[in-house]
file data-v5.cif (mmCIF, C-alpha atoms and all ligand atoms)
data_entry
#
loop_
_atom_site.label_atom_id
_atom_site.label_comp_id
_atom_site.auth_asym_id
_atom_site.auth_seq_id
_atom_site.Cartn_x
_atom_site.Cartn_y
_atom_site.Cartn_z
CA MET A 770 -47.97 13.92 43.08
CA TYR A 771 -46.08 16.00 40.53
CA LEU A 772 -42.70 14.36 41.13
CA THR A 773 -44.07 10.84 40.76
CA ALA A 774 -45.80 11.69 37.48
CA LYS A 775 -42.49 13.14 36.38
CA ALA A 776 -40.71 9.91 37.41
CA ARG A 777 -43.09 7.89 35.23
CA GLU A 778 -42.31 10.19 32.33
CA VAL A 779 -38.58 9.77 32.94
CA LEU A 780 -38.91 5.97 33.08
CA ASP A 781 -40.68 6.03 29.69
CA GLY A 782 -37.90 8.21 28.31
CA LEU A 783 -35.25 5.84 29.65
CA ARG A 784 -36.95 2.78 28.20
CA ASN A 785 -37.07 4.51 24.83
CA SER A 786 -33.41 5.38 24.85
CA TRP A 787 -32.47 1.87 26.09
CA LYS A 788 -34.15 0.49 22.96
CA ASN A 789 -31.16 1.87 21.04
CA PRO A 790 -28.20 1.15 23.31
CA GLU A 791 -25.71 2.04 20.54
CA ASN A 792 -26.73 5.72 20.90
CA LEU A 793 -26.41 5.82 24.66
CA VAL A 794 -24.34 8.35 26.54
CA GLY A 795 -23.49 8.46 30.23
CA PHE A 796 -21.09 5.52 30.51
CA LEU A 797 -19.02 6.21 33.58
CA THR A 798 -15.73 5.32 35.08
CA PHE A 799 -16.36 5.57 38.78
CA LYS A 800 -13.49 6.80 40.84
CA ALA A 801 -12.77 4.81 43.96
CA ILE A 802 -12.27 6.87 47.10
CA GLN A 803 -8.61 6.90 48.08
CA ALA A 804 -8.54 9.15 51.10
CA LYS A 805 -5.98 9.13 53.82
CA ALA A 806 -7.92 8.69 57.02
CA GLY A 807 -5.01 7.36 59.00
CA LYS A 808 -5.81 3.78 58.10
CA PRO A 809 -2.70 1.69 57.38
CA SER A 810 -2.53 0.37 53.84
CA ARG A 811 -3.11 -3.37 53.68
CA SER A 812 -2.63 -6.05 51.06
CA PHE A 813 -5.71 -7.30 49.25
CA PHE A 814 -5.40 -10.54 51.22
CA ASN A 815 -5.34 -8.73 54.59
CA GLU A 816 -8.25 -6.48 53.52
CA ALA A 817 -10.20 -9.66 52.73
CA ILE A 818 -9.45 -11.04 56.21
CA CYS A 819 -10.70 -7.76 57.77
CA HIS A 820 -13.92 -8.03 55.78
CA TRP A 821 -14.27 -11.65 56.83
CA PHE A 822 -14.19 -10.42 60.44
CA GLY A 823 -16.78 -7.76 59.58
CA THR A 824 -14.66 -4.62 59.78
CA ASP A 825 -13.21 -2.04 57.40
CA ASP A 826 -10.42 -0.95 59.70
CA ALA A 827 -8.33 -3.13 61.99
CA ARG A 828 -5.02 -2.03 63.52
CA THR A 829 -2.45 -3.14 66.08
CA LEU A 830 -2.54 -1.84 69.67
CA ARG A 831 0.32 0.50 68.84
CA GLN A 832 -1.36 1.81 65.67
CA TRP A 833 -4.56 2.52 67.61
CA ALA A 834 -2.58 4.29 70.32
CA LYS A 835 -0.97 6.45 67.64
CA ALA A 836 -4.46 7.37 66.39
CA GLY A 837 -5.42 8.38 69.96
CA ARG A 838 -7.65 5.38 70.56
CA ARG A 839 -7.55 2.40 72.88
CA VAL A 840 -8.86 -1.13 72.51
CA VAL A 841 -11.73 -1.68 74.93
CA ASN A 842 -10.95 -5.31 75.69
CA PRO A 843 -7.55 -6.31 74.30
CA ARG A 844 -7.88 -9.86 75.66
CA GLY A 845 -11.24 -10.67 74.19
CA THR A 846 -11.13 -9.31 70.67
CA GLY A 847 -9.09 -9.15 67.54
CA PHE A 848 -7.65 -11.46 64.94
CA ASN A 849 -4.44 -12.04 63.04
CA LEU A 850 -3.22 -10.62 59.74
CA LEU A 851 -0.14 -11.78 57.89
CA ALA A 852 2.99 -9.82 57.11
CA PRO A 853 5.61 -11.06 54.64
CA CYS A 854 9.06 -11.78 56.03
CA LYS A 855 11.75 -10.81 53.55
CA TYR A 856 15.48 -10.80 53.64
CA TRP A 857 17.89 -9.22 51.21
CA VAL A 858 20.51 -11.09 49.24
CA GLU A 859 23.29 -9.50 47.30
CA ASP A 860 23.95 -10.56 43.73
CA PRO A 861 27.68 -11.51 43.79
CA GLU A 862 28.16 -10.32 40.19
CA THR A 863 26.26 -7.03 40.08
CA GLY A 864 26.28 -6.19 43.78
CA GLU A 865 22.56 -5.43 43.59
CA LYS A 866 20.32 -6.43 46.47
CA HIS A 867 17.10 -8.42 45.92
CA PRO A 868 14.36 -9.23 48.42
CA VAL A 869 13.67 -12.91 49.00
CA LEU A 870 10.43 -14.03 50.61
CA ARG A 871 11.09 -16.32 53.56
CA GLY A 872 7.51 -16.75 54.75
CA PHE A 873 4.83 -14.90 56.66
CA LYS A 874 4.40 -13.92 60.26
CA ALA A 875 1.13 -13.22 61.97
CA PHE A 876 0.41 -9.95 63.78
CA HIS A 877 -2.58 -9.22 65.93
CA VAL A 878 -5.07 -6.46 65.09
CA TYR A 879 -8.27 -5.14 66.64
CA PRO A 880 -11.35 -3.89 64.75
CA VAL A 881 -12.28 -0.22 65.00
CA GLU A 882 -15.65 -1.24 66.47
CA GLN A 883 -13.77 -2.44 69.59
CA THR A 884 -11.94 0.82 70.17
CA GLU A 885 -12.74 4.13 71.81
CA GLY A 886 -11.07 7.53 72.04
CA LYS A 887 -10.26 10.30 69.61
CA PRO A 888 -12.72 10.42 66.67
CA LEU A 889 -11.19 9.16 63.44
CA PRO A 890 -11.05 11.49 60.43
CA VAL A 891 -14.34 11.14 58.54
CA ILE A 892 -14.27 10.58 54.78
CA ALA A 893 -17.05 12.60 53.12
CA PRO A 894 -17.80 14.13 49.72
CA PRO A 895 -17.40 17.93 49.39
CA SER A 896 -21.19 18.18 49.63
CA PRO A 897 -23.75 15.45 50.36
CA PRO A 898 -25.50 13.92 47.31
CA PRO A 899 -29.07 14.98 46.48
CA LEU A 900 -31.56 12.97 48.55
CA ALA A 901 -29.07 12.35 51.37
CA GLU A 902 -31.82 13.61 53.69
CA VAL A 903 -34.04 10.65 52.70
CA ALA A 904 -31.47 8.13 53.93
CA GLU A 905 -31.22 10.13 57.14
CA ARG A 906 -35.01 10.22 57.60
CA TRP A 907 -35.12 6.46 57.17
CA GLY A 908 -32.54 6.10 59.93
CA PHE A 909 -29.63 5.10 57.69
CA ARG A 910 -26.03 6.03 58.33
CA VAL A 911 -24.19 6.77 55.09
CA GLU A 912 -20.53 5.85 55.41
CA TYR A 913 -17.84 6.59 52.86
CA SER A 914 -14.64 4.60 52.83
CA ASN A 915 -11.78 3.78 50.52
CA GLY A 916 -12.58 1.48 47.62
CA ASP A 917 -10.67 -1.12 45.67
CA GLY A 918 -12.61 -0.64 42.41
CA ARG A 919 -14.50 -3.92 42.78
CA LEU A 920 -17.46 -2.99 44.96
CA TRP A 921 -18.94 0.51 44.85
CA GLY A 922 -21.53 0.34 47.57
CA SER A 923 -23.73 -1.81 49.77
CA MET A 924 -26.87 -1.48 51.86
CA ASN A 925 -27.50 -3.38 55.07
CA PRO A 926 -31.15 -3.04 56.14
CA SER A 927 -30.72 -4.53 59.62
CA ALA A 928 -27.64 -2.47 60.53
CA LYS A 929 -29.27 0.55 58.77
CA VAL A 930 -26.09 1.47 56.98
CA ILE A 931 -25.28 2.39 53.40
CA LYS A 932 -21.58 2.01 52.60
CA LEU A 933 -20.15 3.85 49.62
CA HIS A 934 -16.71 3.58 48.06
CA THR A 935 -17.13 6.35 45.50
CA PHE A 936 -18.51 9.88 45.76
CA HIS A 937 -20.59 9.45 42.58
CA PRO A 938 -24.26 10.09 43.50
CA GLY A 939 -25.44 7.36 41.07
CA VAL A 940 -24.13 4.68 43.42
CA PHE A 941 -25.81 6.35 46.40
CA TYR A 942 -29.13 6.35 44.47
CA HIS A 943 -28.68 2.65 43.73
CA GLU A 944 -28.22 1.76 47.42
CA LEU A 945 -31.03 4.12 48.45
CA ALA A 946 -33.25 2.28 45.94
CA HIS A 947 -32.44 -1.05 47.65
CA ALA A 948 -33.43 0.62 50.95
CA ALA A 949 -36.72 1.83 49.38
CA ASP A 950 -37.35 -1.68 48.00
CA GLU A 951 -36.91 -3.07 51.51
CA LYS A 952 -39.17 -0.34 52.97
CA ALA A 953 -41.84 -1.29 50.42
CA GLY A 954 -41.51 -4.94 51.55
CA THR A 955 -40.51 -6.08 48.05
CA LEU A 956 -36.72 -6.41 48.39
CA MET A 957 -36.84 -10.19 48.63
CA ASN A 958 -39.47 -10.64 45.88
CA GLY A 959 -38.10 -12.48 42.88
CA ASP A 960 -34.38 -13.00 42.45
CA LYS A 961 -31.15 -11.01 42.54
CA VAL A 962 -31.66 -10.00 38.90
CA ASP A 963 -34.98 -8.37 39.89
CA ARG A 964 -33.37 -6.61 42.87
CA GLU A 965 -30.50 -5.21 40.82
CA THR A 966 -32.75 -4.24 37.88
CA VAL A 967 -35.05 -2.33 40.24
CA ALA A 968 -32.20 -0.57 42.07
CA GLU A 969 -30.32 0.45 38.94
CA THR A 970 -33.43 1.62 37.06
CA VAL A 971 -34.38 3.76 40.06
CA ALA A 972 -30.79 5.11 40.08
CA ALA A 973 -31.09 5.97 36.37
CA ILE A 974 -34.42 7.77 36.96
CA LEU A 975 -33.09 9.77 39.92
CA SER A 976 -29.90 10.61 38.04
CA ARG A 977 -31.97 12.07 35.20
CA LEU A 978 -34.25 13.93 37.64
CA TYR A 979 -31.26 15.45 39.42
CA GLY A 980 -29.53 16.49 36.21
CA ASP A 981 -26.66 14.01 36.01
CA PRO A 982 -27.85 11.19 33.70
CA ILE A 983 -26.11 7.81 33.85
CA ASP A 984 -28.25 6.12 31.15
CA GLY A 985 -25.35 4.25 29.55
CA GLN A 986 -23.88 3.10 32.86
CA SER A 987 -27.24 1.84 34.13
CA TRP A 988 -27.91 0.01 30.89
CA LYS A 989 -24.52 -1.71 31.09
CA TYR A 990 -25.18 -2.69 34.70
CA ILE A 991 -28.71 -4.02 34.14
CA ARG A 992 -27.62 -5.90 31.03
CA SER A 993 -24.89 -7.62 33.03
CA TYR A 994 -27.66 -9.21 35.16
CA ALA A 995 -30.74 -9.50 32.95
CA ALA A 996 -30.84 -11.47 29.69
CA SER A 997 -33.68 -9.32 28.33
CA PRO A 998 -33.42 -6.06 30.26
CA LEU A 999 -36.32 -4.22 28.64
CA SER A 1000 -38.92 -6.88 29.33
CA ARG A 1001 -37.52 -7.31 32.86
CA ILE A 1002 -37.90 -3.55 33.45
CA GLU A 1003 -41.38 -3.64 31.98
CA SER A 1004 -42.48 -6.41 34.34
CA LEU A 1005 -40.92 -4.58 37.31
CA SER A 1006 -42.10 -1.06 36.48
CA ALA A 1007 -44.72 -0.88 39.27
CA ARG A 1008 -42.09 -1.88 41.86
CA ILE A 1009 -39.59 0.59 40.35
CA LEU A 1010 -42.05 3.49 40.48
CA LYS A 1011 -43.09 2.57 44.02
CA CYS A 1012 -39.44 2.88 45.12
CA VAL A 1013 -39.06 6.25 43.36
CA ASP A 1014 -42.32 7.39 44.95
CA LEU A 1015 -41.16 6.43 48.46
CA ILE A 1016 -37.85 8.25 47.96
CA LEU A 1017 -39.33 11.41 46.45
CA SER A 1018 -42.15 11.57 49.03
CA ASP A 1019 -39.54 11.85 51.77
CA SER A 1020 -37.27 14.27 49.93
CA GLN A 1021 -36.88 17.92 50.88
CA GLU A 1022 -38.65 19.15 47.74
CA VAL A 1023 -42.03 17.91 48.88
CA SER A 1024 -41.74 18.34 52.64
ZN ZN B 1101 -27.32 -3.48 44.12
#
call {"tool": "encode", "arguments": {"input": "data-v5.cif", "output": "structure tokens", "more": "lines below"}}
Ligand SMILES: [Zn+2]
result
Amino acid sequence: MYLTAKAREVLDGLRNSWKNPENLVGFLTFKAIQAKAGKPSRSFFNEAICHWFGTDDARTLRQWAKAGRRVVNPRGTGFNLLAPCKYWVEDPETGEKHPVLRGFKAFHVYPVEQTEGKPLPVIAPPSPPPLAEVAERWGFRVEYSNGDGRLWGSMNPSAKVIKLHTFHPGVFYHELAHAADEKAGTLMNGDKVDRETVAETVAAILSRLYGDPIDGQSWKYIRSYAASPLSRIESLSARILKCVDLILSDSQEVS
């Protein structure tokens, strides 16, 4: 197939340019999505608790009611978050008021998955990334949500969901590559270094093919996992090309 031959050519080109990392371009600063979708802002600690309970959005009964939604079973679900309790003291000399932390109080919230009612505003890029149709054909939901700059995306093969916290297509390609690796039955072969090297090399190939190279970024990422990236890529090149092949075979261009 033309596209797969092209992918092989691109991989060779990438490996050549990665031999001289000092000349690389395409280092990126991803921008985390910061959209207002009605979700209350939470402290890092409370966000972590929400993630621990497996949800991106948890609110109080009143906050859900304000969003036009109701909790399906208010007795059986939910968990607690913590809110700081402050009081204000006045400086006798300057007259200025300072907050003093007295402790924390718990308040009960319910995950979005346990609510129903008015649809929540959907966060989406101005236009879908190239190859979005492949994720759809493979039965994946692609969900965008606000990011904290630590994690840019994730792929859950059993829930069939790709979560993205930036609109940059390079991160979508990376997660789609993990999905292709799983489809090929090779996702769990080797170790995490193999998985990440495969996914990011596929992302670099697709980024070049779709005219938005991220060579420098991908190199930085792979190097953060693999001690000798080039030999790792070499040993994984069949698996890498298989993933690209699966993705391109199901893309619009060839259908
Ligand atoms: Zn990854």
call {"tool": "residues_around", "arguments": {"input": "data-v5.cif", "residues": "Lys808 of chain A", "least_positions_apart": "2", "cutoff": "10 Å", "atoms": "only C-alpha atoms", "output": "list in words"}}
result
Ala804, Lys805, Ala806, Ser810, Arg811, Asp825, Asp826, Ala827, Arg828, Gln832, Trp833, Ala836, Leu889, Pro890 and Asn915 of chain A
call {"tool": "residues_around", "arguments": {"input": "data-v5.cif", "residues": "segment 971-976 of chain A", "least_positions_apart": "4", "cutoff": "6 Å", "atoms": "only C-alpha atoms", "output": "list of chain:residue names"}}
result
A:Gly939, A:Tyr942, A:His943, A:Asp981, A:Pro982, A:Ile983, A:Asp984
call {"tool": "atom_distance", "arguments": {"input": "data-v5.cif", "atom1": "atom CA of Gly872 of chain A", "atom2": "atom CA of Pro843 of chain A"}}
result
26.8 Å
call {"tool": "residues_near_ligand", "arguments": {"input": "data-v5.cif", "ligand": "ligand ZN 1101 (chain B)", "cutoff": "9 Å", "atoms": "all atoms listed in the file", "output": "PyMOL selection string"}}
result
chain A and resi 922-924+940+943-944+946-947+961+964-969
call {"tool": "residues_around", "arguments": {"input": "data-v5.cif", "residues": "segment 787-798 of chain A", "least_positions_apart": "2", "cutoff": "7 Å", "atoms": "all atoms listed in the file", "output": "ChimeraX atom specification"}}
result
/A:783-785,800,982-986,988
call {"tool": "closest_residue", "arguments": {"input": "data-v5.cif", "among": "A:Ala776, A:Ala875, A:Ala852, A:Ala893", "to": "Gln803 of chain A", "atoms": "all atoms listed in the file"}}
result
A:Ala893
call {"tool": "atom_distance", "arguments": {"input": "data-v5.cif", "atom1": "atom CA of Val962 of chain A", "atom2": "atom CA of Ser1006 of chain A"}}
result
14.0 Å
call {"tool": "closest_residue", "arguments": {"input": "data-v5.cif", "among": "A:Leu933, A:Ala834, A:Leu780, A:Ala949", "to": "Gly807 of chain A", "atoms": "only C-alpha atoms"}}
result
A:Ala834
call {"tool": "residues_around", "arguments": {"input": "data-v5.cif", "residues": "Asn925 of chain A", "least_positions_apart": "2", "cutoff": "10 Å", "atoms": "only C-alpha atoms", "output": "JSON, numbers by chain"}}
result
{"A": [909, 923, 927, 928, 929, 930, 931, 932, 944, 947, 948]}
call {"tool": "residues_near_point", "arguments": {"input": "data-v5.cif", "point": "(-15.6, -3.3, 71.0)", "cutoff": "12 Å", "atoms": "all atoms listed in the file", "output": "PyMOL selection string"}}
result
chain A and resi 824+827+838-847+879-886
call {"tool": "closest_residue", "arguments": {"input": "data-v5.cif", "among": "A:Trp907, A:Thr773, A:Phe813, A:Leu945", "to": "Ala1007 of chain A", "atoms": "all atoms listed in the file"}}
result
A:Thr773
call {"tool": "axis_aligned_box", "arguments": {"input": "data-v5.cif", "around": "segment 957-960 of chain A", "padding_each_side": "4 Å", "output": "JSON"}}
result
{"center_x": -36.9, "center_y": -11.6, "center_z": 45.5, "size_x": 13.1, "size_y": 10.8, "size_z": 14.2}
call {"tool": "atom_distance", "arguments": {"input": "data-v5.cif", "atom1": "atom CA of Gly837 of chain A", "atom2": "atom CA of Val911 of chain A"}}
result
24.0 Å
call {"tool": "decode", "arguments": {"input": "data-v5.cif", "residues": "segment 857-878 of chain A", "atoms": "N, CA and C atoms", "output": "PDB file, in the first residue's frame"}}
result
ATOM      1  N   TRP A 857     -10.934  35.281  59.468  1.00  0.00           N
ATOM      2  CA  TRP A 857     -10.112  36.463  59.217  1.00  0.00           C
ATOM      3  C   TRP A 857      -9.744  37.130  60.521  1.00  0.00           C
ATOM      4  N   VAL A 858      -8.477  37.461  60.676  1.00  0.00           N
ATOM      5  CA  VAL A 858      -8.067  38.212  61.869  1.00  0.00           C
ATOM      6  C   VAL A 858      -7.513  39.562  61.437  1.00  0.00           C
ATOM      7  N   GLU A 859      -7.773  40.536  62.286  1.00  0.00           N
ATOM      8  CA  GLU A 859      -7.312  41.878  61.942  1.00  0.00           C
ATOM      9  C   GLU A 859      -5.994  42.164  62.656  1.00  0.00           C
ATOM     10  N   ASP A 860      -5.028  42.655  61.881  1.00  0.00           N
ATOM     11  CA  ASP A 860      -3.753  43.061  62.472  1.00  0.00           C
ATOM     12  C   ASP A 860      -3.988  44.348  63.276  1.00  0.00           C
ATOM     13  N   PRO A 861      -3.760  44.291  64.637  1.00  0.00           N
ATOM     14  CA  PRO A 861      -4.095  45.455  65.476  1.00  0.00           C
ATOM     15  C   PRO A 861      -3.299  46.711  65.079  1.00  0.00           C
ATOM     16  N   GLU A 862      -2.102  46.504  64.505  1.00  0.00           N
ATOM     17  CA  GLU A 862      -1.283  47.677  64.157  1.00  0.00           C
ATOM     18  C   GLU A 862      -1.666  48.294  62.824  1.00  0.00           C
ATOM     19  N   THR A 863      -1.778  47.427  61.785  1.00  0.00           N
ATOM     20  CA  THR A 863      -2.038  47.966  60.443  1.00  0.00           C
ATOM     21  C   THR A 863      -3.529  48.003  60.108  1.00  0.00           C
ATOM     22  N   GLY A 864      -4.317  47.208  60.812  1.00  0.00           N
ATOM     23  CA  GLY A 864      -5.744  47.148  60.514  1.00  0.00           C
ATOM     24  C   GLY A 864      -6.056  46.231  59.333  1.00  0.00           C
ATOM     25  N   GLU A 865      -5.009  45.614  58.776  1.00  0.00           N
ATOM     26  CA  GLU A 865      -5.225  44.708  57.635  1.00  0.00           C
ATOM     27  C   GLU A 865      -5.776  43.371  58.117  1.00  0.00           C
ATOM     28  N   LYS A 866      -6.580  42.754  57.236  1.00  0.00           N
ATOM     29  CA  LYS A 866      -7.149  41.446  57.615  1.00  0.00           C
ATOM     30  C   LYS A 866      -6.406  40.314  56.912  1.00  0.00           C
ATOM     31  N   HIS A 867      -6.095  39.248  57.668  1.00  0.00           N
ATOM     32  CA  HIS A 867      -5.397  38.083  57.107  1.00  0.00           C
ATOM     33  C   HIS A 867      -6.227  36.825  57.322  1.00  0.00           C
ATOM     34  N   PRO A 868      -6.254  35.939  56.330  1.00  0.00           N
ATOM     35  CA  PRO A 868      -6.963  34.672  56.559  1.00  0.00           C
ATOM     36  C   PRO A 868      -6.117  33.720  57.406  1.00  0.00           C
ATOM     37  N   VAL A 869      -6.757  33.017  58.306  1.00  0.00           N
ATOM     38  CA  VAL A 869      -6.061  32.001  59.103  1.00  0.00           C
ATOM     39  C   VAL A 869      -6.792  30.677  58.894  1.00  0.00           C
ATOM     40  N   LEU A 870      -6.006  29.650  58.585  1.00  0.00           N
ATOM     41  CA  LEU A 870      -6.611  28.339  58.319  1.00  0.00           C
ATOM     42  C   LEU A 870      -6.942  27.656  59.646  1.00  0.00           C
ATOM     43  N   ARG A 871      -8.212  27.258  59.796  1.00  0.00           N
ATOM     44  CA  ARG A 871      -8.624  26.644  61.053  1.00  0.00           C
ATOM     45  C   ARG A 871      -8.721  25.121  60.906  1.00  0.00           C
ATOM     46  N   GLY A 872      -8.833  24.663  59.682  1.00  0.00           N
ATOM     47  CA  GLY A 872      -8.965  23.221  59.456  1.00  0.00           C
ATOM     48  C   GLY A 872      -9.702  22.983  58.148  1.00  0.00           C
ATOM     49  N   PHE A 873     -10.227  21.784  58.001  1.00  0.00           N
ATOM     50  CA  PHE A 873     -10.943  21.441  56.777  1.00  0.00           C
ATOM     51  C   PHE A 873     -12.297  20.852  57.119  1.00  0.00           C
ATOM     52  N   LYS A 874     -13.259  21.096  56.244  1.00  0.00           N
ATOM     53  CA  LYS A 874     -14.528  20.388  56.444  1.00  0.00           C
ATOM     54  C   LYS A 874     -14.850  19.599  55.173  1.00  0.00           C
ATOM     55  N   ALA A 875     -15.496  18.473  55.390  1.00  0.00           N
ATOM     56  CA  ALA A 875     -15.817  17.609  54.253  1.00  0.00           C
ATOM     57  C   ALA A 875     -17.134  18.050  53.617  1.00  0.00           C
ATOM     58  N   PHE A 876     -17.218  17.956  52.301  1.00  0.00           N
ATOM     59  CA  PHE A 876     -18.522  18.143  51.643  1.00  0.00           C
ATOM     60  C   PHE A 876     -18.715  17.032  50.633  1.00  0.00           C
ATOM     61  N   HIS A 877     -19.975  16.650  50.469  1.00  0.00           N
ATOM     62  CA  HIS A 877     -20.272  15.457  49.681  1.00  0.00           C
ATOM     63  C   HIS A 877     -20.503  15.805  48.207  1.00  0.00           C
ATOM     64  N   VAL A 878     -19.880  15.020  47.322  1.00  0.00           N
ATOM     65  CA  VAL A 878     -20.066  15.244  45.877  1.00  0.00           C
ATOM     66  C   VAL A 878     -20.439  13.927  45.196  1.00  0.00           C
TER      67      VAL A 878
END
